[in-house]
$ cat model_0.txt   # compact mmCIF, C-alpha atoms and all ligand atoms
# COMPACT_ATOMS: atom_id res chain seq x y z
CA MET A 1 -91.88 0.44 161.81
CA GLU A 2 -90.53 -1.01 158.59
CA ARG A 3 -87.42 -3.10 159.02
CA ILE A 4 -84.23 -1.79 157.39
CA VAL A 5 -80.94 -3.66 157.10
CA LEU A 6 -77.64 -2.41 155.71
CA HIS A 7 -74.90 -4.59 154.25
CA LEU A 8 -71.41 -3.31 153.54
CA ASP A 9 -68.71 -4.90 151.38
CA MET A 10 -65.28 -3.34 150.94
CA ASP A 11 -64.12 -2.73 147.37
CA TYR A 12 -61.21 -4.89 146.13
CA PHE A 13 -60.34 -5.03 149.79
CA PHE A 14 -56.86 -6.54 150.15
CA ALA A 15 -55.63 -4.73 147.04
CA GLN A 16 -57.10 -1.43 148.18
CA VAL A 17 -55.27 -1.71 151.50
CA GLU A 18 -52.04 -2.37 149.61
CA GLU A 19 -52.62 0.70 147.42
CA ASN A 20 -53.00 2.81 150.53
CA ASP A 21 -49.93 1.42 152.23
CA GLN A 22 -47.87 1.78 149.06
CA PRO A 23 -49.35 4.71 147.13
CA GLU A 24 -46.74 4.38 144.39
CA TYR A 25 -48.71 1.35 143.16
CA ARG A 26 -51.91 3.29 142.65
CA GLY A 27 -52.98 3.39 139.00
CA LYS A 28 -51.13 0.17 138.22
CA PRO A 29 -52.69 -3.27 138.14
CA VAL A 30 -52.20 -4.68 141.66
CA VAL A 31 -52.53 -8.42 142.28
CA VAL A 32 -52.53 -9.80 145.82
CA CYS A 33 -51.32 -13.39 145.83
CA VAL A 34 -51.36 -16.43 148.06
CA TYR A 35 -47.99 -17.93 147.17
CA SER A 36 -48.12 -21.61 147.92
CA GLY A 37 -44.88 -23.13 146.82
CA ARG A 38 -41.24 -22.49 146.64
CA THR A 39 -41.20 -21.44 143.04
CA GLY A 40 -41.99 -17.78 142.67
CA GLU A 41 -45.09 -18.31 140.59
CA SER A 42 -47.11 -21.06 142.18
CA GLY A 43 -50.27 -20.17 144.02
CA VAL A 44 -53.52 -18.34 143.44
CA VAL A 45 -54.73 -14.79 143.23
CA SER A 46 -56.41 -13.63 146.43
CA THR A 47 -57.80 -10.47 144.85
CA ALA A 48 -56.88 -7.78 142.35
CA ASN A 49 -57.63 -4.10 141.93
CA TYR A 50 -59.95 -2.91 139.17
CA GLU A 51 -57.06 -2.05 136.81
CA ALA A 52 -55.96 -5.68 136.96
CA ARG A 53 -59.53 -6.94 136.57
CA LYS A 54 -59.61 -5.30 133.16
CA TYR A 55 -57.13 -8.02 132.18
CA LYS A 56 -59.43 -10.80 133.46
CA VAL A 57 -57.45 -11.19 136.65
CA LYS A 58 -59.63 -12.14 139.60
CA SER A 59 -59.77 -14.08 142.88
CA GLY A 60 -58.96 -17.75 142.56
CA ILE A 61 -57.08 -17.86 139.26
CA PRO A 62 -53.50 -19.18 139.23
CA ILE A 63 -50.79 -16.54 139.70
CA LYS A 64 -49.20 -17.80 136.50
CA ALA A 65 -52.36 -17.04 134.54
CA ALA A 66 -52.49 -13.57 136.05
CA MET A 67 -48.87 -12.93 135.10
CA ASN A 68 -49.65 -14.08 131.61
CA ASN A 69 -52.65 -11.80 131.24
CA LEU A 70 -50.71 -8.85 132.62
CA LYS A 71 -47.55 -9.26 130.55
CA GLY A 72 -46.18 -5.83 129.71
CA ALA A 73 -48.82 -4.03 131.81
CA ASP A 74 -46.40 -2.91 134.54
CA ALA A 75 -48.38 -4.86 137.14
CA VAL A 76 -47.47 -5.29 140.81
CA PHE A 77 -47.69 -8.72 142.46
CA LEU A 78 -47.78 -8.72 146.25
CA PRO A 79 -48.07 -11.44 148.89
CA VAL A 80 -51.16 -11.40 151.15
CA ARG A 81 -50.70 -9.72 154.52
CA HIS A 82 -53.62 -11.10 156.42
CA GLU A 83 -52.83 -9.46 159.73
CA ARG A 84 -52.74 -6.03 158.17
CA TYR A 85 -56.12 -6.54 156.48
CA ALA A 86 -57.60 -7.91 159.70
CA GLU A 87 -56.41 -4.83 161.58
CA ILE A 88 -57.97 -2.47 159.03
CA SER A 89 -61.11 -4.59 158.93
CA GLN A 90 -61.53 -4.23 162.69
CA GLY A 91 -61.23 -0.48 162.41
CA VAL A 92 -63.71 -0.22 159.57
CA MET A 93 -66.24 -2.56 161.16
CA GLY A 94 -65.89 -0.61 164.39
CA ILE A 95 -67.13 2.45 162.49
CA VAL A 96 -69.93 0.50 160.83
CA SER A 97 -71.22 -1.03 164.05
CA GLY A 98 -71.63 2.44 165.55
CA TYR A 99 -74.33 3.38 163.05
CA GLY A 100 -76.99 0.85 163.99
CA GLU A 101 -78.52 -1.29 166.69
CA LYS A 102 -77.11 -4.70 165.89
CA PHE A 103 -74.00 -5.54 163.94
CA GLU A 104 -72.71 -8.76 162.47
CA TYR A 105 -69.19 -9.31 161.24
CA ALA A 106 -69.89 -11.42 158.16
CA SER A 107 -66.36 -11.80 156.80
CA ILE A 108 -63.10 -9.86 156.77
CA ASP A 109 -64.58 -7.32 154.37
CA GLU A 110 -68.32 -7.58 154.98
CA GLY A 111 -70.66 -6.54 157.73
CA ALA A 112 -74.42 -6.45 158.26
CA LEU A 113 -76.15 -3.85 160.37
CA GLU A 114 -79.69 -3.52 161.64
CA ILE A 115 -80.62 0.15 161.24
CA THR A 116 -84.40 0.02 161.66
CA GLY A 117 -84.27 2.13 164.81
CA ALA A 118 -81.44 4.42 163.70
CA ALA A 119 -83.36 5.26 160.50
CA HIS A 120 -86.77 5.35 162.24
CA GLY A 121 -88.00 2.90 159.62
CA ASP A 122 -87.44 5.44 156.85
CA TYR A 123 -85.49 4.56 153.70
CA GLY A 124 -84.47 8.18 153.07
CA ASN A 125 -82.87 8.32 156.51
CA ALA A 126 -81.25 4.95 155.85
CA LYS A 127 -79.59 6.30 152.74
CA GLY A 128 -78.29 9.25 154.72
CA ILE A 129 -76.83 6.89 157.33
CA ALA A 130 -75.04 4.93 154.60
CA GLU A 131 -73.61 8.10 153.05
CA LYS A 132 -72.32 9.29 156.39
CA MET A 133 -70.82 5.89 157.16
CA LYS A 134 -69.10 5.71 153.79
CA GLY A 135 -67.76 9.21 154.35
CA GLU A 136 -66.34 8.36 157.74
CA ILE A 137 -64.68 5.18 156.45
CA PHE A 138 -63.10 7.13 153.63
CA GLU A 139 -61.98 9.91 155.89
CA LYS A 140 -60.42 7.63 158.50
CA PHE A 141 -59.08 4.82 156.32
CA HIS A 142 -59.07 6.20 152.80
CA LEU A 143 -61.04 3.16 151.66
CA THR A 144 -64.14 2.85 149.52
CA CYS A 145 -66.86 0.29 150.02
CA SER A 146 -70.20 -0.64 148.50
CA VAL A 147 -73.37 -0.61 150.53
CA GLY A 148 -76.77 -2.19 150.05
CA ILE A 149 -79.91 -1.28 151.97
CA GLY A 150 -83.03 -3.40 152.03
CA PRO A 151 -85.85 -4.86 154.10
CA ASN A 152 -83.64 -7.77 155.23
CA ARG A 153 -80.09 -9.09 155.11
CA LEU A 154 -80.63 -11.11 151.97
CA VAL A 155 -81.78 -8.17 149.88
CA ALA A 156 -79.21 -5.85 151.49
CA LYS A 157 -76.33 -8.19 150.70
CA ILE A 158 -77.37 -8.66 147.10
CA ALA A 159 -77.86 -4.89 146.80
CA SER A 160 -74.33 -4.24 148.13
CA ASP A 161 -72.96 -6.16 145.17
CA PHE A 162 -75.16 -4.39 142.63
CA ARG A 163 -73.01 -1.32 142.05
CA LYS A 164 -69.31 -1.52 142.63
CA PRO A 165 -66.98 0.15 143.45
CA ASP A 166 -68.13 2.91 145.80
CA GLY A 167 -71.78 1.97 145.31
CA LEU A 168 -74.89 2.64 147.34
CA THR A 169 -78.05 0.75 146.37
CA VAL A 170 -81.33 1.15 148.19
CA VAL A 171 -84.05 -1.46 147.62
CA LYS A 172 -87.38 -0.70 149.25
CA PRO A 173 -89.63 -3.58 150.32
CA GLN A 174 -92.03 -3.09 147.43
CA GLU A 175 -89.09 -3.11 144.96
CA ALA A 176 -87.42 -6.27 146.26
CA GLU A 177 -89.20 -8.82 144.06
CA GLU A 178 -88.49 -6.91 140.89
CA PHE A 179 -84.92 -6.15 141.90
CA LEU A 180 -84.17 -9.83 142.41
CA GLY A 181 -86.26 -11.22 139.59
CA GLY A 182 -83.80 -10.61 136.76
CA MET A 183 -80.74 -11.79 138.63
CA GLU A 184 -79.04 -15.14 138.29
CA VAL A 185 -79.97 -17.61 141.05
CA GLY A 186 -76.28 -17.74 141.98
CA LYS A 187 -76.64 -14.27 143.48
CA ILE A 188 -78.55 -15.80 146.38
CA PRO A 189 -75.98 -16.26 149.14
CA GLY A 190 -75.68 -19.95 149.88
CA ILE A 191 -76.36 -21.03 146.31
CA GLY A 192 -73.05 -22.44 145.19
CA LYS A 193 -71.90 -23.72 141.86
CA LYS A 194 -73.47 -27.15 142.33
CA SER A 195 -76.92 -25.88 143.22
CA ARG A 196 -76.75 -23.38 140.41
CA GLU A 197 -75.89 -26.03 137.86
CA PHE A 198 -78.62 -28.26 139.18
CA LEU A 199 -81.23 -25.51 138.99
CA GLU A 200 -80.09 -24.81 135.46
CA THR A 201 -80.85 -28.40 134.45
CA MET A 202 -84.38 -27.67 135.65
CA GLY A 203 -84.49 -24.62 133.37
CA ILE A 204 -84.09 -22.21 136.27
CA ARG A 205 -81.48 -19.53 135.66
CA LYS A 206 -82.99 -16.37 137.08
CA ILE A 207 -84.38 -15.75 140.54
CA GLY A 208 -87.61 -14.84 138.75
CA ASP A 209 -87.68 -18.34 137.18
CA LEU A 210 -87.24 -19.88 140.59
CA ARG A 211 -90.12 -17.87 141.99
CA LYS A 212 -92.44 -19.24 139.31
CA THR A 213 -91.38 -22.87 139.80
CA ASP A 214 -93.65 -25.30 141.60
CA PRO A 215 -92.26 -25.52 145.15
CA ALA A 216 -92.91 -29.27 145.12
CA LEU A 217 -90.34 -29.70 142.34
CA ILE A 218 -87.75 -27.73 144.28
CA ALA A 219 -88.53 -29.75 147.40
CA GLU A 220 -88.00 -32.95 145.46
CA ALA A 221 -84.58 -31.76 144.36
CA PHE A 222 -83.32 -30.03 147.52
CA GLY A 223 -85.41 -31.42 150.36
CA LYS A 224 -88.26 -29.65 152.06
CA LYS A 225 -86.29 -27.45 154.40
CA THR A 226 -83.91 -26.00 151.84
CA ALA A 227 -86.70 -25.63 149.31
CA GLY A 228 -88.78 -23.66 151.77
CA TRP A 229 -85.96 -21.28 152.41
CA LEU A 230 -85.07 -21.01 148.71
CA MET A 231 -88.60 -20.14 147.66
CA LEU A 232 -88.73 -17.44 150.33
CA ALA A 233 -85.36 -16.09 149.20
CA ALA A 234 -86.65 -15.93 145.62
CA LYS A 235 -89.41 -13.66 146.85
CA GLY A 236 -86.92 -11.52 148.74
CA ILE A 237 -88.10 -12.74 152.12
CA ASP A 238 -85.58 -13.37 154.89
CA GLU A 239 -86.45 -13.10 158.53
CA SER A 240 -83.06 -13.96 159.98
CA GLU A 241 -81.81 -11.53 162.57
CA VAL A 242 -78.62 -9.56 162.32
CA GLY A 243 -76.08 -10.56 164.94
CA THR A 244 -76.92 -14.22 165.28
CA GLY A 245 -73.99 -15.80 163.49
CA GLY A 246 -75.78 -15.50 160.24
CA TRP A 247 -74.64 -16.69 156.92
CA GLN A 248 -71.02 -17.47 157.11
CA LYS A 249 -70.56 -21.19 156.66
CA GLN A 250 -67.31 -21.60 158.47
CA ILE A 251 -64.56 -19.84 160.32
CA SER A 252 -61.14 -20.89 159.12
CA ARG A 253 -57.50 -19.93 159.38
CA ILE A 254 -54.49 -21.33 157.57
CA MET A 255 -50.76 -20.64 157.80
CA THR A 256 -47.42 -21.63 156.32
CA LEU A 257 -45.32 -23.51 158.84
CA ARG A 258 -41.87 -22.23 159.67
CA ARG A 259 -40.39 -25.29 157.96
CA ASP A 260 -41.69 -28.52 156.45
CA THR A 261 -42.43 -30.88 159.28
CA ARG A 262 -44.01 -34.18 160.31
CA ASP A 263 -43.83 -33.40 163.99
CA LEU A 264 -47.29 -33.30 165.56
CA GLU A 265 -46.16 -31.12 168.44
CA GLU A 266 -44.59 -28.63 166.10
CA ILE A 267 -47.75 -28.46 163.99
CA MET A 268 -50.00 -28.08 167.03
CA GLY A 269 -47.66 -25.45 168.47
CA ALA A 270 -48.09 -23.44 165.30
CA MET A 271 -51.86 -24.01 165.36
CA GLY A 272 -52.24 -22.61 168.88
CA GLU A 273 -52.64 -19.02 167.82
CA LEU A 274 -54.94 -19.86 164.91
CA ILE A 275 -57.16 -21.91 167.19
CA SER A 276 -57.36 -19.06 169.73
CA ASP A 277 -58.25 -16.72 166.93
CA VAL A 278 -61.05 -18.98 165.68
CA ALA A 279 -62.34 -19.46 169.23
CA LYS A 280 -62.30 -15.70 169.76
CA GLU A 281 -64.43 -15.14 166.69
CA VAL A 282 -66.84 -17.84 167.86
CA ARG A 283 -67.20 -16.06 171.21
CA GLU A 284 -67.52 -12.60 169.69
CA ARG A 285 -70.26 -13.72 167.36
CA ASN A 286 -72.03 -15.55 170.14
CA ILE A 287 -72.29 -18.76 168.12
CA ALA A 288 -71.48 -22.43 168.47
CA PHE A 289 -69.98 -24.89 166.00
CA GLY A 290 -70.96 -28.44 165.22
CA ASN A 291 -67.93 -29.52 163.26
CA VAL A 292 -64.14 -29.17 163.56
CA GLY A 293 -61.84 -29.69 160.59
CA VAL A 294 -58.17 -29.49 159.72
CA ASN A 295 -56.28 -29.05 156.51
CA ALA A 296 -52.65 -29.89 155.82
CA ILE A 297 -50.72 -29.25 152.63
CA ASP A 298 -47.56 -31.22 152.07
CA GLU A 299 -44.29 -30.28 150.41
CA ASN A 300 -45.68 -31.43 147.04
CA LEU A 301 -48.70 -29.16 147.58
CA LYS A 302 -50.98 -32.14 148.01
CA SER A 303 -53.80 -31.20 150.31
CA TYR A 304 -55.31 -33.38 153.05
CA THR A 305 -58.45 -32.52 154.97
CA LYS A 306 -60.25 -34.21 157.81
CA ALA A 307 -63.23 -33.15 159.84
CA ARG A 308 -65.26 -34.44 162.72
CA THR A 309 -68.85 -33.71 163.65
CA LEU A 310 -69.47 -33.17 167.35
CA PRO A 311 -72.30 -34.85 169.22
CA HIS A 312 -73.42 -31.39 170.47
CA PRO A 313 -72.69 -27.85 169.31
CA SER A 314 -69.74 -26.41 171.20
CA GLU A 315 -67.99 -23.08 171.81
CA ASP A 316 -65.00 -24.55 173.52
CA GLU A 317 -61.46 -23.71 172.45
CA GLY A 318 -60.14 -26.82 174.19
CA GLU A 319 -62.44 -28.96 172.13
CA ILE A 320 -61.10 -27.48 168.88
CA LYS A 321 -57.57 -28.11 170.08
CA GLY A 322 -58.23 -31.70 171.14
CA ILE A 323 -59.97 -32.69 167.94
CA ALA A 324 -57.49 -30.86 165.72
CA GLY A 325 -54.65 -32.77 167.40
CA GLU A 326 -56.35 -36.07 166.72
CA LEU A 327 -57.11 -35.17 163.12
CA PHE A 328 -53.54 -34.04 162.39
CA ALA A 329 -52.27 -37.26 164.01
CA GLU A 330 -54.49 -39.26 161.65
CA ILE A 331 -53.16 -37.37 158.63
CA LEU A 332 -49.56 -37.96 159.75
CA LYS A 333 -50.26 -41.65 160.16
CA GLU A 334 -51.57 -41.91 156.62
CA THR A 335 -48.74 -39.98 154.93
CA LYS A 336 -44.96 -39.92 154.65
CA THR A 337 -44.22 -36.43 153.37
CA GLY A 338 -43.39 -33.27 155.30
CA PHE A 339 -46.09 -30.64 155.74
CA ARG A 340 -45.74 -27.08 154.58
CA ARG A 341 -49.05 -25.46 155.48
CA ALA A 342 -51.69 -26.26 158.05
CA GLY A 343 -55.09 -24.86 158.86
CA ILE A 344 -58.09 -25.18 161.07
CA LYS A 345 -61.79 -24.59 160.62
CA VAL A 346 -65.07 -24.85 162.46
CA GLU A 347 -68.33 -25.36 160.59
CA LYS A 348 -72.04 -25.98 161.15
CA LEU A 349 -72.30 -22.65 162.87
CA GLU A 350 -75.40 -21.81 164.78
CA SER A 351 -76.49 -19.03 167.03
CA LYS A 352 -76.74 -19.98 170.65
CA LYS A 353 -80.47 -19.54 170.55
CA GLY A 354 -80.47 -22.82 168.65
CA GLN A 355 -81.64 -21.15 165.51
CA LYS A 356 -80.29 -22.68 162.32
CA THR A 357 -78.23 -20.47 160.09
CA LEU A 358 -78.19 -20.24 156.35
CA GLY A 359 -74.81 -21.95 156.23
CA GLU A 360 -76.49 -25.26 156.93
CA PHE A 361 -78.55 -25.30 153.81
P1 LIG B 1 -64.58 -9.99 147.97
O1 LIG B 1 -65.44 -8.98 148.65
O2 LIG B 1 -65.23 -11.11 147.27
O3 LIG B 1 -63.65 -9.28 146.90
P2 LIG B 1 -62.97 -7.85 146.90
O4 LIG B 1 -63.29 -7.07 148.12
O5 LIG B 1 -61.51 -8.05 146.63
O6 LIG B 1 -63.58 -7.19 145.61
P3 LIG B 1 -65.03 -6.55 145.38
O7 LIG B 1 -64.76 -5.11 145.09
O8 LIG B 1 -65.59 -7.27 144.22
O9 LIG B 1 -65.79 -6.75 146.66
O10 LIG B 1 -63.55 -10.61 148.99
C1 LIG B 1 -62.95 -9.87 150.05
C2 LIG B 1 -61.49 -10.25 150.22
O11 LIG B 1 -61.38 -11.64 150.48
C3 LIG B 1 -60.64 -9.98 148.99
O12 LIG B 1 -60.12 -8.67 148.98
C4 LIG B 1 -59.58 -11.03 149.09
C5 LIG B 1 -60.22 -12.18 149.83
N1 LIG B 1 -60.58 -13.27 148.91
C6 LIG B 1 -59.67 -14.30 148.71
O13 LIG B 1 -58.59 -14.31 149.30
N2 LIG B 1 -60.02 -15.32 147.85
C7 LIG B 1 -61.20 -15.35 147.16
O14 LIG B 1 -61.46 -16.28 146.38
C8 LIG B 1 -62.14 -14.26 147.36
C9 LIG B 1 -63.45 -14.25 146.62
C10 LIG B 1 -61.78 -13.26 148.24
MG MG B 2 -65.31 -6.90 148.81
$ encode --input "model_0.txt" --output "structure tokens"
Amino acid sequence: MERIVLHLDMDYFFAQVEENDQPEYRGKPVVVCVYSGRTGESGVVSTANYEARKYKVKSGIPIKAAMNNLKGADAVFLPVRHERYAEISQGVMGIVSGYGEKFEYASIDEGALEITGAAHGDYGNAKGIAEKMKGEIFEKFHLTCSVGIGPNRLVAKIASDFRKPDGLTVVKPQEAEEFLGGMEVGKIPGIGKKSREFLETMGIRKIGDLRKTDPALIAEAFGKKTAGWLMLAAKGIDESEVGTGGWQKQISRIMTLRRDTRDLEEIMGAMGELISDVAKEVRERNIAFGNVGVNAIDENLKSYTKARTLPHPSEDEGEIKGIAGELFAEILKETKTGFRRAGIKVEKLESKKGQKTLGEF
């Protein structure tokens, strides 16, 4: 049977949830913000609905810039409500996981699903599954999403981003090379800004250019292992399994502390729930982590990060807690200011089968 993988990505997710919860905002530009400081305008945009995107407002830009672009547009600015989105995400992904054999929660608004068996290896059936799934999500949550279907997770993920919003893109195995060929190399998950810029200096902009490049040159630039994977990706080949911890590079949580503090116990008290949450995701995804990091942002919004690599991959909540405590203690020792926000992350994720994940490249 031919392998078929489905990848789903919610449309303008946080903003769409806000539109549903507060229907009076629908039709207006809606900007969901991570407010970082005490002044009403400092922070960044988490996401924006499509009305706001028409004004060049998107994830990551300063709230001030968004306000500027949207002057006079009757826009709505809202603070992120992570718990609410997580709750909806769980519901949606619960629906998704029911349509296939193996499911992987890739991020708060993305999931991958192995549907080879469910579709009996037939791409027409696969499309029908996606339509039904989209229908159920809309019926139960009034949310739209975009879905990609392909011979593996790589192609499916890229396909999910091809038509948005409310898209459904099916890429059959024999179409994969052509589908990818004209796209920018940055569309390959795992190729960040740095790699993209570097490839560009080699004259490689499109995935098709990459495919034609001598693998030895890529190996010289990126090392053998990464180059091997990259060249396969350029051809649309990806044999990674769904449900093995996959592509996500890290699991992280961050929060604003109840008040500015330099008290280690107070910080660790606040971190308890975040750490449990991270550990829960590690368990659910049946993965281990090789690195624990913390992040602390002081009252002047200066950010401090520290991380430690473990001698062996671990799944242990206690280990996260112990290392986080030590790392926060180090930060406190090196600073004098009070801390406003604190966060935790685990990285170097791998499936417990010992298989390396894409995040390591
Ligand atoms: P995305 O899927 O990248 O964005 P989106 O769902 O808002 O829009 P699209 O229709 O293009 O898929 O990210 C999912 C959510 O993650 C997004 O709703 C908000 C959050 N997010 C941030 O908080 N910061 C960021 O920089 C990005 C990219 C996303
Ligand atoms: Mg999305």
$ residues_near_ligand --input "model_0.txt" --ligand "ligand MG 2 (chain B)" --cutoff "8 Å" --atoms "only C-alpha atoms and all ligand atoms" --output "ChimeraX atom specification"
/A:9-13,109-110,145-146
$ closest_residue --input "model_0.txt" --among "A:Ala119, A:Val147, A:Leu217, A:Ala75" --to "ligand LIG 1 (chain B)" --atoms "only C-alpha atoms and all ligand atoms"
A:Val147
$ closest_atom_pairs --input "model_0.txt" --of "chain A" --to "ligand LIG 1 (chain B)" --cutoff "9 Å" --atoms "only C-alpha atoms and all ligand atoms" --output "tab-separated table"
residue	atom	partner	partner_atom	distance
A:Asp9	CA	B:LIG1	O9	5.9
A:Met10	CA	B:LIG1	O4	5.1
A:Asp11	CA	B:LIG1	O7	3.4
A:Tyr12	CA	B:LIG1	O5	3.2
A:Phe13	CA	B:LIG1	O12	3.7
A:Phe14	CA	B:LIG1	O12	4.1
A:Ala15	CA	B:LIG1	O12	6.3
A:Gln16	CA	B:LIG1	O12	7.9
A:Val17	CA	B:LIG1	O12	8.8
A:Val32	CA	B:LIG1	C4	7.9
A:Cys33	CA	B:LIG1	O13	8.1
A:Val34	CA	B:LIG1	O13	7.6
A:Val44	CA	B:LIG1	N2	8.4
A:Val45	CA	B:LIG1	N2	7.0
A:Ser46	CA	B:LIG1	O13	3.7
A:Thr47	CA	B:LIG1	C4	4.6
A:Ala48	CA	B:LIG1	O5	6.3
A:Asn49	CA	B:LIG1	O5	7.3
A:Tyr50	CA	B:LIG1	O7	7.9
A:Lys58	CA	B:LIG1	O14	8.2
A:Ser59	CA	B:LIG1	O14	4.5
A:Gly60	CA	B:LIG1	O14	4.8
A:Ile61	CA	B:LIG1	O14	8.5
A:Val80	CA	B:LIG1	O13	8.2
A:Tyr85	CA	B:LIG1	O12	8.8
A:Ser107	CA	B:LIG1	C1	7.8
A:Ile108	CA	B:LIG1	C1	6.7
A:Asp109	CA	B:LIG1	C1	5.3
A:Glu110	CA	B:LIG1	O1	7.1
A:Cys145	CA	B:LIG1	O7	7.6
A:Ser146	CA	B:LIG1	O9	7.8
A:Asp161	CA	B:LIG1	O9	7.3
A:Lys164	CA	B:LIG1	O7	6.3
A:Pro165	CA	B:LIG1	O7	5.9
A:Asp166	CA	B:LIG1	O7	8.7
$ write_last_selection --input "model_0.txt" --atoms "C-alpha atoms" --output "compact mmCIF listing (two decimals), in the coordinates of the input"
# COMPACT_ATOMS: atom_id res chain seq x y z
CA ASP A 9 -68.71 -4.90 151.38
CA MET A 10 -65.28 -3.34 150.94
CA ASP A 11 -64.12 -2.73 147.37
CA TYR A 12 -61.21 -4.89 146.13
CA PHE A 13 -60.34 -5.03 149.79
CA PHE A 14 -56.86 -6.54 150.15
CA ALA A 15 -55.63 -4.73 147.04
CA GLN A 16 -57.10 -1.43 148.18
CA VAL A 17 -55.27 -1.71 151.50
CA VAL A 32 -52.53 -9.80 145.82
CA CYS A 33 -51.32 -13.39 145.83
CA VAL A 34 -51.36 -16.43 148.06
CA VAL A 44 -53.52 -18.34 143.44
CA VAL A 45 -54.73 -14.79 143.23
CA SER A 46 -56.41 -13.63 146.43
CA THR A 47 -57.80 -10.47 144.85
CA ALA A 48 -56.88 -7.78 142.35
CA ASN A 49 -57.63 -4.10 141.93
CA TYR A 50 -59.95 -2.91 139.17
CA LYS A 58 -59.63 -12.14 139.60
CA SER A 59 -59.77 -14.08 142.88
CA GLY A 60 -58.96 -17.75 142.56
CA ILE A 61 -57.08 -17.86 139.26
CA VAL A 80 -51.16 -11.40 151.15
CA TYR A 85 -56.12 -6.54 156.48
CA SER A 107 -66.36 -11.80 156.80
CA ILE A 108 -63.10 -9.86 156.77
CA ASP A 109 -64.58 -7.32 154.37
CA GLU A 110 -68.32 -7.58 154.98
CA CYS A 145 -66.86 0.29 150.02
CA SER A 146 -70.20 -0.64 148.50
CA ASP A 161 -72.96 -6.16 145.17
CA LYS A 164 -69.31 -1.52 142.63
CA PRO A 165 -66.98 0.15 143.45
CA ASP A 166 -68.13 2.91 145.80
$ residues_around --input "model_0.txt" --residues "stretch 20-23 of chain A" --least-positions-apart "6" --cutoff "9 Å" --atoms "only C-alpha atoms" --output "PyMOL selection string"
chain A and resi 141-143
$ closest_residue --input "model_0.txt" --among "A:Ile320, A:Leu327, A:Leu301, A:Ala296" --to "A:Gly43" --atoms "all atoms listed in the file"
A:Leu301
$ closest_residue --input "model_0.txt" --among "A:Pro311, A:Gly182, A:Gly203, A:Gly192" --to "A:Ala234" --atoms "all atoms listed in the file"
A:Gly182
$ atom_distance --input "model_0.txt" --atom1 "atom CA of A:Ile297" --atom2 "atom CA of A:Arg340"
5.8 Å
$ closest_residue --input "model_0.txt" --among "A:Ala288, A:Glu19, A:Tyr35, A:Met231" --to "A:Asp214" --atoms "all atoms listed in the file"
A:Met231
$ closest_residue --input "model_0.txt" --among "A:Ala112, A:Thr309, A:Lys336, A:Ser314" --to "A:Ile287" --atoms "only C-alpha atoms"
A:Ser314
$ closest_residue --input "model_0.txt" --among "A:Val92, A:Val31, A:Ala159, A:Ala65" --to "A:His7" --atoms "all atoms listed in the file"
A:Ala159
$ atom_distance --input "model_0.txt" --atom1 "atom CA of A:Gly100" --atom2 "atom CA of A:Gly181"
28.8 Å
$ atom_distance --input "model_0.txt" --atom1 "atom CA of A:Ile267" --atom2 "atom CA of A:Arg81"
21.2 Å
$ closest_atom_pairs --input "model_0.txt" --of "stretch 324-355 of chain A" --to "stretch 269-283 of chain A" --cutoff "10 Å" --atoms "only C-alpha atoms" --output "Markdown table"
| residue | atom | partner | partner_atom | distance |
| --- | --- | --- | --- | --- |
| A:Ala324 | CA | A:Met271 | CA | 8.9 |
| A:Gly325 | CA | A:Met271 | CA | 9.4 |
| A:Ala342 | CA | A:Met271 | CA | 7.7 |
| A:Gly343 | CA | A:Met271 | CA | 7.3 |
| A:Ile344 | CA | A:Ile275 | CA | 7.0 |
| A:Lys345 | CA | A:Val278 | CA | 7.6 |
| A:Val346 | CA | A:Val278 | CA | 7.8 |
| A:Leu349 | CA | A:Val282 | CA | 8.8 |
| A:Glu350 | CA | A:Val282 | CA | 9.9 |
| A:Ser351 | CA | A:Val282 | CA | 9.8 |
$ residues_around --input "model_0.txt" --residues "stretch 95-99 of chain A" --least-positions-apart "3" --cutoff "10 Å" --atoms "only C-alpha atoms" --output "compact mmCIF listing (two decimals) with C-alpha atoms, in the frame of the given file"
# COMPACT_ATOMS: atom_id res chain seq x y z
CA LEU A 6 -77.64 -2.41 155.71
CA HIS A 7 -74.90 -4.59 154.25
CA LEU A 8 -71.41 -3.31 153.54
CA SER A 89 -61.11 -4.59 158.93
CA GLN A 90 -61.53 -4.23 162.69
CA GLY A 91 -61.23 -0.48 162.41
CA VAL A 92 -63.71 -0.22 159.57
CA LYS A 102 -77.11 -4.70 165.89
CA PHE A 103 -74.00 -5.54 163.94
CA GLU A 104 -72.71 -8.76 162.47
CA TYR A 105 -69.19 -9.31 161.24
CA GLY A 111 -70.66 -6.54 157.73
CA ALA A 112 -74.42 -6.45 158.26
CA LEU A 113 -76.15 -3.85 160.37
CA GLU A 114 -79.69 -3.52 161.64
CA ILE A 115 -80.62 0.15 161.24
CA ALA A 118 -81.44 4.42 163.70
CA ALA A 119 -83.36 5.26 160.50
CA ILE A 129 -76.83 6.89 157.33
CA ALA A 130 -75.04 4.93 154.60
CA LYS A 132 -72.32 9.29 156.39
CA MET A 133 -70.82 5.89 157.16
CA LYS A 134 -69.10 5.71 153.79
CA GLU A 136 -66.34 8.36 157.74
CA ILE A 137 -64.68 5.18 156.45
CA LYS A 140 -60.42 7.63 158.50
